[in-house]
Amino acid sequence: MKPDAKPNKRPLHVHLAVGFLVFSILLLIVLWLFQTVFLESFYKTIKTAQVKSCAYSLSDYIGSDSFSDLAREIEEQNAMTVNVYETTDSFNCVYSSSDVPVVPFDIYSIYQETYDNGGENATITQVKRDMHFKPDGTNGPQDKTLNNNGQYHSATADEWRQKREPSFERAISENLTYAMIVQTSTEEKHLLVVQSEITPVSSVVETLRYQLIIMTAVIVILSIIIAVFLGKMIARPISDTNEKAKSLAKQDYDVTFEGGRYREITELNSTLNYAAGELKKVDSLQKELISNISHDLRTPLTMIIGYGEVMRDLPGEMTPENIQIIVDEATRLNSLVTDLLVISRLQSNTADIKMAPFSLTKCIESIFTRYTKLIESDGLNIVFEHDREVFVMGDELRMTQVLYNLINNAINYIGADKTVIVRQSVSNGTVKIEVIDHGDGIPEEQLQYIWDRYYRVRGEHRRAKIGTGLGLSIVKNVLIAHSAEYGVESTLGSGSSFWFSLPIIETDDE
């Protein structure tokens, strides 16, 4: 898809808005479920745990003097009733905080269920609360009678029903009963019954339902507003960056990516600014490379064509000198094309690198023989400083090319003393080769670029005296293929020192 084509998907701010709205709706659904559907279940679970905790607290004090005080405190704080019965045939009530204790028939049923359940049992039952008229004219429960001994009467259920006076029925409610069979320190067993009324939550649920309807409407409206606002606020800097990236794709390298309010956007914009700067440099180098290669190709081609036409059209111009000029320019042209192919293969990792042990010292000495003519004709002083022979692992042919190109580069920028020094030094199992000239030097800010093809120091391209002008780029790529360390040190007015280092290998001759 082209950069300026219309996207076939929804924009980011729409996805963010929809996602935020869906999250809000899910949150409301969960709130509805917990506040209405599951409210009664949660309430009963919490109430059962509370009653059970109070029963456990009381069970440790049955038979002690402090039981009544503790039971009264629990009853007042938690709105519960506490009853304690003997587990005899009569199930006498030894303590009760209720005006209407559980009837013996029910006590026996509760005891049996508790015993069958391992000594503890919790039940929730529906009960009718009947309002009775007392003899004194007040209304209240009339289910409590005492026998002559001051204990609760152990009558049957029918007798209890017969003693009840006419009543007015109230709505049905639920009662939570938690019973425990407790054995005291005197080896007596008692039935502890803790009861609490479960307040109907239907009216609460209805109230919450109306509140939730209003809350849902408010939250949905606010969610839409916030989602749209946040979506645009988050997506805007991304959209701005995207538009500027399209300009960058159209080779507008002067575009500036401004930092956003988010760290990720700021880092992305910084990266794109760096990329734009590097692309601008690459574009400039590419244009420069084409210009320089065109210059170096055009010069030998022009001379070859010119001398060829002269030799064709003018009698007597078929001289060895003219032919040699054609041969030299053709050789230079061939070297330039060859070097370009070498760089391309090295950068694409398709070059054939044959690693083998060889004497780096003898390799340098053999290279020096190539400069005999230059030394004699131009008065050059090329010195090789070394104290021993060293062997390294590498491709001897490629390393010869590295040394040859470094020496050629030094000769091209040689100083007034016309001296080039090649220094070999050994330290900590590595050999360091330095090629030193005493020329004009290189500005510090340009040192990192001199390894690029046809990079022009101080913006001045000149045809090399020796080589094709691609030597340093070949050097860098060959050294990288050998995993060698390399670099350059230069001082303006004092010259430059190009160096590389390789591990030494031991041989049988050493």
# chains A, B, ... in the order shown; residues from 1 in each chain; ligands from 1
call {"tool": "select_by_dssp", "arguments": {"residues": "region 189-297 of chain A", "states": "strand (DSSP E)", "output": "ChimeraX atom specification"}}
result
/A:189-198
call {"tool": "residues_around", "arguments": {"residues": "region 383-400 of chain A", "least_positions_apart": "3", "cutoff": "8 Å", "atoms": "only C-alpha atoms", "output": "PDB file with all heavy atoms, in the first residue's frame"}}
result
ATOM      1  N   ILE A 353      36.752 -15.282   1.763  1.00  0.00           N
ATOM      2  CA  ILE A 353      37.836 -15.029   2.715  1.00  0.00           C
ATOM      3  C   ILE A 353      38.435 -16.373   3.116  1.00  0.00           C
ATOM      4  O   ILE A 353      37.770 -17.200   3.745  1.00  0.00           O
ATOM      5  CB  ILE A 353      37.333 -14.281   3.964  1.00  0.00           C
ATOM      6  CG1 ILE A 353      36.634 -12.975   3.565  1.00  0.00           C
ATOM      7  CG2 ILE A 353      38.487 -14.008   4.923  1.00  0.00           C
ATOM      8  CD1 ILE A 353      37.548 -11.959   2.936  1.00  0.00           C
ATOM      9  N   LYS A 354      39.706 -16.600   2.771  1.00  0.00           N
ATOM     10  CA  LYS A 354      40.384 -17.862   3.072  1.00  0.00           C
ATOM     11  C   LYS A 354      41.355 -17.636   4.230  1.00  0.00           C
ATOM     12  O   LYS A 354      42.405 -17.017   4.064  1.00  0.00           O
ATOM     13  CB  LYS A 354      41.131 -18.380   1.839  1.00  0.00           C
ATOM     14  CG  LYS A 354      40.208 -18.672   0.649  1.00  0.00           C
ATOM     15  CD  LYS A 354      40.982 -19.138  -0.556  1.00  0.00           C
ATOM     16  CE  LYS A 354      40.063 -19.421  -1.739  1.00  0.00           C
ATOM     17  NZ  LYS A 354      40.810 -19.846  -2.942  1.00  0.00           N
ATOM     18  N   MET A 355      40.996 -18.127   5.389  1.00  0.00           N
ATOM     19  CA  MET A 355      41.807 -17.920   6.588  1.00  0.00           C
ATOM     20  C   MET A 355      42.900 -18.982   6.667  1.00  0.00           C
ATOM     21  O   MET A 355      42.630 -20.184   6.550  1.00  0.00           O
ATOM     22  CB  MET A 355      40.920 -17.980   7.834  1.00  0.00           C
ATOM     23  CG  MET A 355      39.722 -17.038   7.796  1.00  0.00           C
ATOM     24  SD  MET A 355      40.202 -15.295   7.811  1.00  0.00           S
ATOM     25  CE  MET A 355      40.660 -15.104   9.532  1.00  0.00           C
ATOM     26  N   ALA A 356      44.119 -18.502   6.866  1.00  0.00           N
ATOM     27  CA  ALA A 356      45.271 -19.407   7.004  1.00  0.00           C
ATOM     28  C   ALA A 356      46.400 -18.646   7.700  1.00  0.00           C
ATOM     29  O   ALA A 356      46.466 -17.413   7.622  1.00  0.00           O
ATOM     30  CB  ALA A 356      45.727 -19.913   5.640  1.00  0.00           C
ATOM     31  N   PRO A 357      47.309 -19.343   8.386  1.00  0.00           N
ATOM     32  CA  PRO A 357      48.436 -18.659   9.028  1.00  0.00           C
ATOM     33  C   PRO A 357      49.398 -18.092   7.966  1.00  0.00           C
ATOM     34  O   PRO A 357      49.682 -18.750   6.960  1.00  0.00           O
ATOM     35  CB  PRO A 357      49.114 -19.754   9.847  1.00  0.00           C
ATOM     36  CG  PRO A 357      48.112 -20.868   9.924  1.00  0.00           C
ATOM     37  CD  PRO A 357      47.294 -20.779   8.683  1.00  0.00           C
ATOM     38  N   PHE A 358      49.915 -16.889   8.185  1.00  0.00           N
ATOM     39  CA  PHE A 358      50.932 -16.315   7.301  1.00  0.00           C
ATOM     40  C   PHE A 358      51.751 -15.295   8.077  1.00  0.00           C
ATOM     41  O   PHE A 358      51.325 -14.797   9.136  1.00  0.00           O
ATOM     42  CB  PHE A 358      50.299 -15.683   6.057  1.00  0.00           C
ATOM     43  CG  PHE A 358      49.540 -14.407   6.328  1.00  0.00           C
ATOM     44  CD1 PHE A 358      50.149 -13.172   6.146  1.00  0.00           C
ATOM     45  CD2 PHE A 358      48.225 -14.442   6.772  1.00  0.00           C
ATOM     46  CE1 PHE A 358      49.464 -12.001   6.385  1.00  0.00           C
ATOM     47  CE2 PHE A 358      47.532 -13.280   7.014  1.00  0.00           C
ATOM     48  CZ  PHE A 358      48.154 -12.049   6.831  1.00  0.00           C
ATOM     49  N   SER A 359      52.936 -14.996   7.527  1.00  0.00           N
ATOM     50  CA  SER A 359      53.833 -14.042   8.169  1.00  0.00           C
ATOM     51  C   SER A 359      53.443 -12.634   7.760  1.00  0.00           C
ATOM     52  O   SER A 359      53.597 -12.238   6.589  1.00  0.00           O
ATOM     53  CB  SER A 359      55.287 -14.329   7.778  1.00  0.00           C
ATOM     54  OG  SER A 359      56.130 -13.308   8.262  1.00  0.00           O
ATOM     55  N   LEU A 360      52.917 -11.858   8.701  1.00  0.00           N
ATOM     56  CA  LEU A 360      52.530 -10.486   8.418  1.00  0.00           C
ATOM     57  C   LEU A 360      53.758  -9.624   8.147  1.00  0.00           C
ATOM     58  O   LEU A 360      53.727  -8.719   7.310  1.00  0.00           O
ATOM     59  CB  LEU A 360      51.728  -9.921   9.608  1.00  0.00           C
ATOM     60  CG  LEU A 360      51.145  -8.521   9.452  1.00  0.00           C
ATOM     61  CD1 LEU A 360      50.180  -8.463   8.263  1.00  0.00           C
ATOM     62  CD2 LEU A 360      50.434  -8.093  10.733  1.00  0.00           C
ATOM     63  N   THR A 361      54.849  -9.928   8.810  1.00  0.00           N
ATOM     64  CA  THR A 361      56.090  -9.153   8.624  1.00  0.00           C
ATOM     65  C   THR A 361      56.617  -9.296   7.205  1.00  0.00           C
ATOM     66  O   THR A 361      56.951  -8.304   6.539  1.00  0.00           O
ATOM     67  CB  THR A 361      57.151  -9.625   9.638  1.00  0.00           C
ATOM     68  OG1 THR A 361      56.616  -9.573  10.956  1.00  0.00           O
ATOM     69  CG2 THR A 361      58.390  -8.748   9.570  1.00  0.00           C
ATOM     70  N   LYS A 362      56.701 -10.541   6.710  1.00  0.00           N
ATOM     71  CA  LYS A 362      57.193 -10.757   5.346  1.00  0.00           C
ATOM     72  C   LYS A 362      56.221 -10.190   4.310  1.00  0.00           C
ATOM     73  O   LYS A 362      56.634  -9.758   3.229  1.00  0.00           O
ATOM     74  CB  LYS A 362      57.412 -12.240   5.105  1.00  0.00           C
ATOM     75  CG  LYS A 362      58.609 -12.801   5.861  1.00  0.00           C
ATOM     76  CD  LYS A 362      58.837 -14.265   5.519  1.00  0.00           C
ATOM     77  CE  LYS A 362      60.080 -14.798   6.244  1.00  0.00           C
ATOM     78  NZ  LYS A 362      60.331 -16.227   5.942  1.00  0.00           N
ATOM     79  N   CYS A 363      54.944 -10.185   4.629  1.00  0.00           N
ATOM     80  CA  CYS A 363      53.950  -9.607   3.728  1.00  0.00           C
ATOM     81  C   CYS A 363      54.219  -8.119   3.529  1.00  0.00           C
ATOM     82  O   CYS A 363      54.176  -7.611   2.402  1.00  0.00           O
ATOM     83  CB  CYS A 363      52.552  -9.833   4.292  1.00  0.00           C
ATOM     84  SG  CYS A 363      51.229  -9.157   3.277  1.00  0.00           S
ATOM     85  N   ILE A 364      54.532  -7.416   4.630  1.00  0.00           N
ATOM     86  CA  ILE A 364      54.839  -5.986   4.529  1.00  0.00           C
ATOM     87  C   ILE A 364      56.133  -5.765   3.745  1.00  0.00           C
ATOM     88  O   ILE A 364      56.226  -4.863   2.907  1.00  0.00           O
ATOM     89  CB  ILE A 364      54.939  -5.371   5.938  1.00  0.00           C
ATOM     90  CG1 ILE A 364      53.586  -5.485   6.669  1.00  0.00           C
ATOM     91  CG2 ILE A 364      55.374  -3.911   5.864  1.00  0.00           C
ATOM     92  CD1 ILE A 364      53.628  -5.053   8.112  1.00  0.00           C
ATOM     93  N   GLU A 365      57.125  -6.588   4.007  1.00  0.00           N
ATOM     94  CA  GLU A 365      58.398  -6.439   3.306  1.00  0.00           C
ATOM     95  C   GLU A 365      58.237  -6.641   1.804  1.00  0.00           C
ATOM     96  O   GLU A 365      58.867  -5.947   0.987  1.00  0.00           O
ATOM     97  CB  GLU A 365      59.416  -7.440   3.867  1.00  0.00           C
ATOM     98  CG  GLU A 365      59.852  -7.105   5.285  1.00  0.00           C
ATOM     99  CD  GLU A 365      60.752  -8.181   5.878  1.00  0.00           C
ATOM    100  OE1 GLU A 365      60.780  -9.307   5.307  1.00  0.00           O
ATOM    101  OE2 GLU A 365      61.408  -7.925   6.912  1.00  0.00           O
ATOM    102  N   ILE A 367      55.562  -6.001   0.080  1.00  0.00           N
ATOM    103  CA  ILE A 367      54.837  -4.845  -0.454  1.00  0.00           C
ATOM    104  C   ILE A 367      55.798  -3.698  -0.742  1.00  0.00           C
ATOM    105  O   ILE A 367      55.638  -2.956  -1.718  1.00  0.00           O
ATOM    106  CB  ILE A 367      53.719  -4.412   0.518  1.00  0.00           C
ATOM    107  CG1 ILE A 367      52.611  -5.470   0.557  1.00  0.00           C
ATOM    108  CG2 ILE A 367      53.128  -3.069   0.128  1.00  0.00           C
ATOM    109  CD1 ILE A 367      51.548  -5.221   1.598  1.00  0.00           C
ATOM    110  N   LEU A 403      47.134  -3.475   3.523  1.00  0.00           N
ATOM    111  CA  LEU A 403      48.409  -2.767   3.711  1.00  0.00           C
ATOM    112  C   LEU A 403      48.733  -1.883   2.507  1.00  0.00           C
ATOM    113  O   LEU A 403      49.192  -0.743   2.660  1.00  0.00           O
ATOM    114  CB  LEU A 403      49.521  -3.790   3.937  1.00  0.00           C
ATOM    115  CG  LEU A 403      49.430  -4.579   5.250  1.00  0.00           C
ATOM    116  CD1 LEU A 403      50.310  -5.815   5.196  1.00  0.00           C
ATOM    117  CD2 LEU A 403      49.823  -3.703   6.423  1.00  0.00           C
ATOM    118  N   TYR A 404      48.506  -2.404   1.312  1.00  0.00           N
ATOM    119  CA  TYR A 404      48.784  -1.646   0.095  1.00  0.00           C
ATOM    120  C   TYR A 404      47.941  -0.373   0.053  1.00  0.00           C
ATOM    121  O   TYR A 404      48.433   0.716  -0.263  1.00  0.00           O
ATOM    122  CB  TYR A 404      48.510  -2.543  -1.106  1.00  0.00           C
ATOM    123  CG  TYR A 404      48.916  -1.948  -2.435  1.00  0.00           C
ATOM    124  CD1 TYR A 404      50.246  -1.677  -2.727  1.00  0.00           C
ATOM    125  CD2 TYR A 404      47.954  -1.656  -3.404  1.00  0.00           C
ATOM    126  CE1 TYR A 404      50.622  -1.133  -3.949  1.00  0.00           C
ATOM    127  CE2 TYR A 404      48.318  -1.116  -4.629  1.00  0.00           C
ATOM    128  CZ  TYR A 404      49.658  -0.850  -4.881  1.00  0.00           C
ATOM    129  OH  TYR A 404      50.022  -0.308  -6.091  1.00  0.00           O
ATOM    130  N   THR A 419      57.925  11.355   3.885  1.00  0.00           N
ATOM    131  CA  THR A 419      58.230  10.155   4.681  1.00  0.00           C
ATOM    132  C   THR A 419      56.939   9.446   5.064  1.00  0.00           C
ATOM    133  O   THR A 419      55.986  10.072   5.535  1.00  0.00           O
ATOM    134  CB  THR A 419      59.012  10.529   5.951  1.00  0.00           C
ATOM    135  OG1 THR A 419      60.244  11.146   5.567  1.00  0.00           O
ATOM    136  CG2 THR A 419      59.297   9.297   6.794  1.00  0.00           C
ATOM    137  N   VAL A 420      56.946   8.131   4.874  1.00  0.00           N
ATOM    138  CA  VAL A 420      55.856   7.258   5.325  1.00  0.00           C
ATOM    139  C   VAL A 420      56.476   6.179   6.195  1.00  0.00           C
ATOM    140  O   VAL A 420      57.429   5.512   5.782  1.00  0.00           O
ATOM    141  CB  VAL A 420      55.099   6.630   4.138  1.00  0.00           C
ATOM    142  CG1 VAL A 420      54.077   5.617   4.640  1.00  0.00           C
ATOM    143  CG2 VAL A 420      54.421   7.701   3.299  1.00  0.00           C
ATOM    144  N   ILE A 421      55.934   6.005   7.400  1.00  0.00           N
ATOM    145  CA  ILE A 421      56.473   5.023   8.351  1.00  0.00           C
ATOM    146  C   ILE A 421      55.440   3.925   8.573  1.00  0.00           C
ATOM    147  O   ILE A 421      54.282   4.204   8.881  1.00  0.00           O
ATOM    148  CB  ILE A 421      56.822   5.689   9.700  1.00  0.00           C
ATOM    149  CG1 ILE A 421      57.853   6.800   9.498  1.00  0.00           C
ATOM    150  CG2 ILE A 421      57.337   4.648  10.692  1.00  0.00           C
ATOM    151  CD1 ILE A 421      58.134   7.601  10.756  1.00  0.00           C
ATOM    152  N   VAL A 422      55.882   2.694   8.407  1.00  0.00           N
ATOM    153  CA  VAL A 422      55.051   1.542   8.746  1.00  0.00           C
ATOM    154  C   VAL A 422      55.676   0.907   9.985  1.00  0.00           C
ATOM    155  O   VAL A 422      56.812   0.411   9.938  1.00  0.00           O
ATOM    156  CB  VAL A 422      54.982   0.529   7.590  1.00  0.00           C
ATOM    157  CG1 VAL A 422      54.125  -0.667   7.993  1.00  0.00           C
ATOM    158  CG2 VAL A 422      54.430   1.194   6.339  1.00  0.00           C
ATOM    159  N   ARG A 423      54.922   0.922  11.099  1.00  0.00           N
ATOM    160  CA  ARG A 423      55.485   0.475  12.376  1.00  0.00           C
ATOM    161  C   ARG A 423      54.748  -0.768  12.856  1.00  0.00           C
ATOM    162  O   ARG A 423      53.518  -0.811  12.929  1.00  0.00           O
ATOM    163  CB  ARG A 423      55.370   1.586  13.408  1.00  0.00           C
ATOM    164  CG  ARG A 423      55.946   1.224  14.786  1.00  0.00           C
ATOM    165  CD  ARG A 423      55.838   2.427  15.715  1.00  0.00           C
ATOM    166  NE  ARG A 423      56.640   3.539  15.190  1.00  0.00           N
ATOM    167  CZ  ARG A 423      56.333   4.825  15.375  1.00  0.00           C
ATOM    168  NH1 ARG A 423      55.238   5.159  16.035  1.00  0.00           N
ATOM    169  NH2 ARG A 423      57.114   5.779  14.877  1.00  0.00           N
ATOM    170  N   GLN A 424      55.523  -1.795  13.204  1.00  0.00           N
ATOM    171  CA  GLN A 424      54.974  -3.037  13.749  1.00  0.00           C
ATOM    172  C   GLN A 424      55.368  -3.145  15.210  1.00  0.00           C
ATOM    173  O   GLN A 424      56.547  -3.115  15.548  1.00  0.00           O
ATOM    174  CB  GLN A 424      55.498  -4.241  12.961  1.00  0.00           C
ATOM    175  CG  GLN A 424      55.122  -5.601  13.583  1.00  0.00           C
ATOM    176  CD  GLN A 424      55.815  -6.748  12.898  1.00  0.00           C
ATOM    177  OE1 GLN A 424      55.531  -7.059  11.746  1.00  0.00           O
ATOM    178  NE2 GLN A 424      56.762  -7.382  13.604  1.00  0.00           N
ATOM    179  N   SER A 425      54.363  -3.289  16.098  1.00  0.00           N
ATOM    180  CA  SER A 425      54.637  -3.433  17.534  1.00  0.00           C
ATOM    181  C   SER A 425      53.807  -4.572  18.090  1.00  0.00           C
ATOM    182  O   SER A 425      52.670  -4.809  17.657  1.00  0.00           O
ATOM    183  CB  SER A 425      54.314  -2.132  18.276  1.00  0.00           C
ATOM    184  OG  SER A 425      52.965  -1.747  18.068  1.00  0.00           O
ATOM    185  N   VAL A 431      49.456  -7.996  17.545  1.00  0.00           N
ATOM    186  CA  VAL A 431      50.367  -7.178  16.766  1.00  0.00           C
ATOM    187  C   VAL A 431      49.601  -5.972  16.247  1.00  0.00           C
ATOM    188  O   VAL A 431      48.473  -6.097  15.780  1.00  0.00           O
ATOM    189  CB  VAL A 431      50.989  -7.972  15.597  1.00  0.00           C
ATOM    190  CG1 VAL A 431      49.911  -8.543  14.690  1.00  0.00           C
ATOM    191  CG2 VAL A 431      51.935  -7.076  14.786  1.00  0.00           C
ATOM    192  N   VAL A 478      37.503  -5.269   4.866  1.00  0.00           N
ATOM    193  CA  VAL A 478      38.370  -6.444   5.027  1.00  0.00           C
ATOM    194  C   VAL A 478      38.697  -6.668   6.498  1.00  0.00           C
ATOM    195  O   VAL A 478      38.672  -7.802   6.998  1.00  0.00           O
ATOM    196  CB  VAL A 478      39.661  -6.277   4.207  1.00  0.00           C
ATOM    197  CG1 VAL A 478      40.652  -7.391   4.542  1.00  0.00           C
ATOM    198  CG2 VAL A 478      39.349  -6.293   2.715  1.00  0.00           C
ATOM    199  N   HIS A 482      37.841  -9.810   9.192  1.00  0.00           N
ATOM    200  CA  HIS A 482      38.853 -10.497  10.001  1.00  0.00           C
ATOM    201  C   HIS A 482      38.652 -10.266  11.505  1.00  0.00           C
ATOM    202  O   HIS A 482      39.497 -10.712  12.309  1.00  0.00           O
ATOM    203  CB  HIS A 482      40.258 -10.025   9.604  1.00  0.00           C
ATOM    204  CG  HIS A 482      40.760 -10.625   8.333  1.00  0.00           C
ATOM    205  ND1 HIS A 482      40.304 -10.236   7.086  1.00  0.00           N
ATOM    206  CD2 HIS A 482      41.696 -11.602   8.090  1.00  0.00           C
ATOM    207  CE1 HIS A 482      40.929 -10.932   6.159  1.00  0.00           C
ATOM    208  NE2 HIS A 482      41.771 -11.777   6.725  1.00  0.00           N
ATOM    209  N   LEU A 502      45.768  -7.422  15.230  1.00  0.00           N
ATOM    210  CA  LEU A 502      45.315  -8.800  15.088  1.00  0.00           C
ATOM    211  C   LEU A 502      45.993  -9.673  16.130  1.00  0.00           C
ATOM    212  O   LEU A 502      47.109  -9.384  16.560  1.00  0.00           O
ATOM    213  CB  LEU A 502      45.638  -9.332  13.686  1.00  0.00           C
ATOM    214  CG  LEU A 502      44.816  -8.788  12.515  1.00  0.00           C
ATOM    215  CD1 LEU A 502      45.466  -9.211  11.191  1.00  0.00           C
ATOM    216  CD2 LEU A 502      43.381  -9.279  12.576  1.00  0.00           C
ATOM    217  N   PRO A 503      45.362 -10.758  16.535  1.00  0.00           N
ATOM    218  CA  PRO A 503      46.007 -11.690  17.466  1.00  0.00           C
ATOM    219  C   PRO A 503      47.186 -12.405  16.796  1.00  0.00           C
ATOM    220  O   PRO A 503      47.118 -12.765  15.621  1.00  0.00           O
ATOM    221  CB  PRO A 503      44.879 -12.685  17.850  1.00  0.00           C
ATOM    222  CG  PRO A 503      43.615 -12.024  17.433  1.00  0.00           C
ATOM    223  CD  PRO A 503      43.949 -11.144  16.279  1.00  0.00           C
ATOM    224  N   ILE A 504      48.245 -12.619  17.564  1.00  0.00           N
ATOM    225  CA  ILE A 504      49.404 -13.352  17.065  1.00  0.00           C
ATOM    226  C   ILE A 504      49.186 -14.843  17.281  1.00  0.00           C
ATOM    227  O   ILE A 504      48.599 -15.268  18.282  1.00  0.00           O
ATOM    228  CB  ILE A 504      50.683 -12.902  17.794  1.00  0.00           C
ATOM    229  CG1 ILE A 504      50.961 -11.430  17.498  1.00  0.00           C
ATOM    230  CG2 ILE A 504      51.889 -13.758  17.404  1.00  0.00           C
ATOM    231  CD1 ILE A 504      52.129 -10.882  18.299  1.00  0.00           C
ATOM    232  N   ILE A 505      49.645 -15.658  16.332  1.00  0.00           N
ATOM    233  CA  ILE A 505      49.616 -17.109  16.519  1.00  0.00           C
ATOM    234  C   ILE A 505      51.048 -17.615  16.593  1.00  0.00           C
ATOM    235  O   ILE A 505      51.959 -17.071  15.969  1.00  0.00           O
ATOM    236  CB  ILE A 505      48.853 -17.808  15.372  1.00  0.00           C
ATOM    237  CG1 ILE A 505      49.553 -17.540  14.034  1.00  0.00           C
ATOM    238  CG2 ILE A 505      47.399 -17.366  15.325  1.00  0.00           C
ATOM    239  CD1 ILE A 505      48.957 -18.358  12.895  1.00  0.00           C
ATOM    240  N   GLU A 506      51.227 -18.654  17.407  1.00  0.00           N
ATOM    241  CA  GLU A 506      52.563 -19.230  17.559  1.00  0.00           C
ATOM    242  C   GLU A 506      52.805 -20.265  16.467  1.00  0.00           C
ATOM    243  O   GLU A 506      51.913 -21.006  16.069  1.00  0.00           O
ATOM    244  CB  GLU A 506      52.689 -19.902  18.938  1.00  0.00           C
ATOM    245  CG  GLU A 506      52.454 -18.951  20.103  1.00  0.00           C
ATOM    246  CD  GLU A 506      53.500 -17.843  20.172  1.00  0.00           C
ATOM    247  OE1 GLU A 506      54.634 -18.085  19.723  1.00  0.00           O
ATOM    248  OE2 GLU A 506      53.177 -16.746  20.662  1.00  0.00           O
ATOM    249  N   THR A 507      54.038 -20.310  15.980  1.00  0.00           N
ATOM    250  CA  THR A 507      54.427 -21.288  14.948  1.00  0.00           C
ATOM    251  C   THR A 507      55.591 -22.123  15.426  1.00  0.00           C
ATOM    252  O   THR A 507      56.229 -21.815  16.440  1.00  0.00           O
ATOM    253  CB  THR A 507      54.815 -20.568  13.636  1.00  0.00           C
ATOM    254  OG1 THR A 507      55.933 -19.737  13.884  1.00  0.00           O
ATOM    255  CG2 THR A 507      53.636 -19.701  13.129  1.00  0.00           C
TER     256      THR A 507
END
call {"tool": "residues_around", "arguments": {"residues": "region 306-310 of chain A", "least_positions_apart": "6", "cutoff": "12 Å", "atoms": "only C-alpha atoms", "output": "compact mmCIF listing (two decimals) with N, CA and C atoms, in the first residue's frame"}}
result
# COMPACT_ATOMS: atom_id res chain seq x y z
N ARG A 298 35.11 8.97 -16.02
CA ARG A 298 35.14 9.81 -17.21
C ARG A 298 36.57 10.17 -17.62
N THR A 299 37.44 10.40 -16.62
CA THR A 299 38.81 10.82 -16.94
C THR A 299 39.57 9.77 -17.76
N PRO A 300 39.66 8.51 -17.31
CA PRO A 300 40.38 7.52 -18.14
C PRO A 300 39.67 7.23 -19.45
N GLY A 316 51.55 8.69 -37.84
CA GLY A 316 52.74 8.87 -37.01
C GLY A 316 52.49 8.97 -35.53
N GLU A 317 51.16 8.94 -35.10
CA GLU A 317 50.85 9.02 -33.66
C GLU A 317 50.74 7.65 -33.01
N MET A 318 50.93 6.60 -33.79
CA MET A 318 50.91 5.25 -33.23
C MET A 318 52.25 4.97 -32.58
N THR A 319 52.49 5.67 -31.47
CA THR A 319 53.77 5.56 -30.77
C THR A 319 53.62 4.72 -29.51
N PRO A 320 54.69 4.13 -29.02
CA PRO A 320 54.63 3.36 -27.76
C PRO A 320 54.14 4.22 -26.59
N GLU A 321 54.51 5.50 -26.59
CA GLU A 321 54.11 6.37 -25.47
C GLU A 321 52.59 6.52 -25.43
N ASN A 322 51.98 6.78 -26.61
CA ASN A 322 50.53 6.94 -26.64
C ASN A 322 49.80 5.64 -26.27
N ILE A 323 50.35 4.55 -26.79
CA ILE A 323 49.75 3.25 -26.46
C ILE A 323 49.85 2.98 -24.95
N GLN A 324 50.99 3.33 -24.34
CA GLN A 324 51.17 3.11 -22.90
C GLN A 324 50.17 3.94 -22.09
N ILE A 325 49.89 5.17 -22.56
CA ILE A 325 48.90 5.99 -21.86
C ILE A 325 47.53 5.32 -21.89
N ILE A 326 47.16 4.77 -23.05
CA ILE A 326 45.88 4.06 -23.15
C ILE A 326 45.86 2.85 -22.22
N VAL A 327 46.97 2.11 -22.22
CA VAL A 327 47.05 0.93 -21.34
C VAL A 327 46.95 1.34 -19.87
N ASP A 328 47.65 2.41 -19.47
CA ASP A 328 47.61 2.87 -18.07
C ASP A 328 46.21 3.31 -17.66
N GLU A 329 45.53 4.06 -18.51
CA GLU A 329 44.19 4.53 -18.18
C GLU A 329 43.20 3.38 -18.16
N ALA A 330 43.38 2.41 -19.06
CA ALA A 330 42.51 1.24 -19.04
C ALA A 330 42.74 0.42 -17.77
call {"tool": "atom_distance", "arguments": {"atom1": "CA of Ser96 (chain A)", "atom2": "CA of Gln195 (chain A)"}}
result
11.1 Å
call {"tool": "residues_around", "arguments": {"residues": "Ile62 (chain A)", "least_positions_apart": "6", "cutoff": "12 Å", "atoms": "only C-alpha atoms", "output": "list in words"}}
result
Ala55, Tyr56, Ser68, Asp69, Leu70, Ala71, Val82, Asn83, Val84, Tyr85, Glu86, Val94, Tyr95, Met180, Ile181, Val182, Gln183, Thr184, Ser185, Thr186, Glu187, Glu188, Lys189, His190, Leu191, Leu192 and Val193 of chain A
call {"tool": "select_by_dssp", "arguments": {"residues": "region 65-96 of chain A", "states": "helix (DSSP H, G or I)", "output": "list in words"}}
result
Phe67, Ser68, Asp69, Leu70, Ala71, Arg72, Glu73, Ile74, Glu75, Glu76, Gln77 and Asn78 of chain A
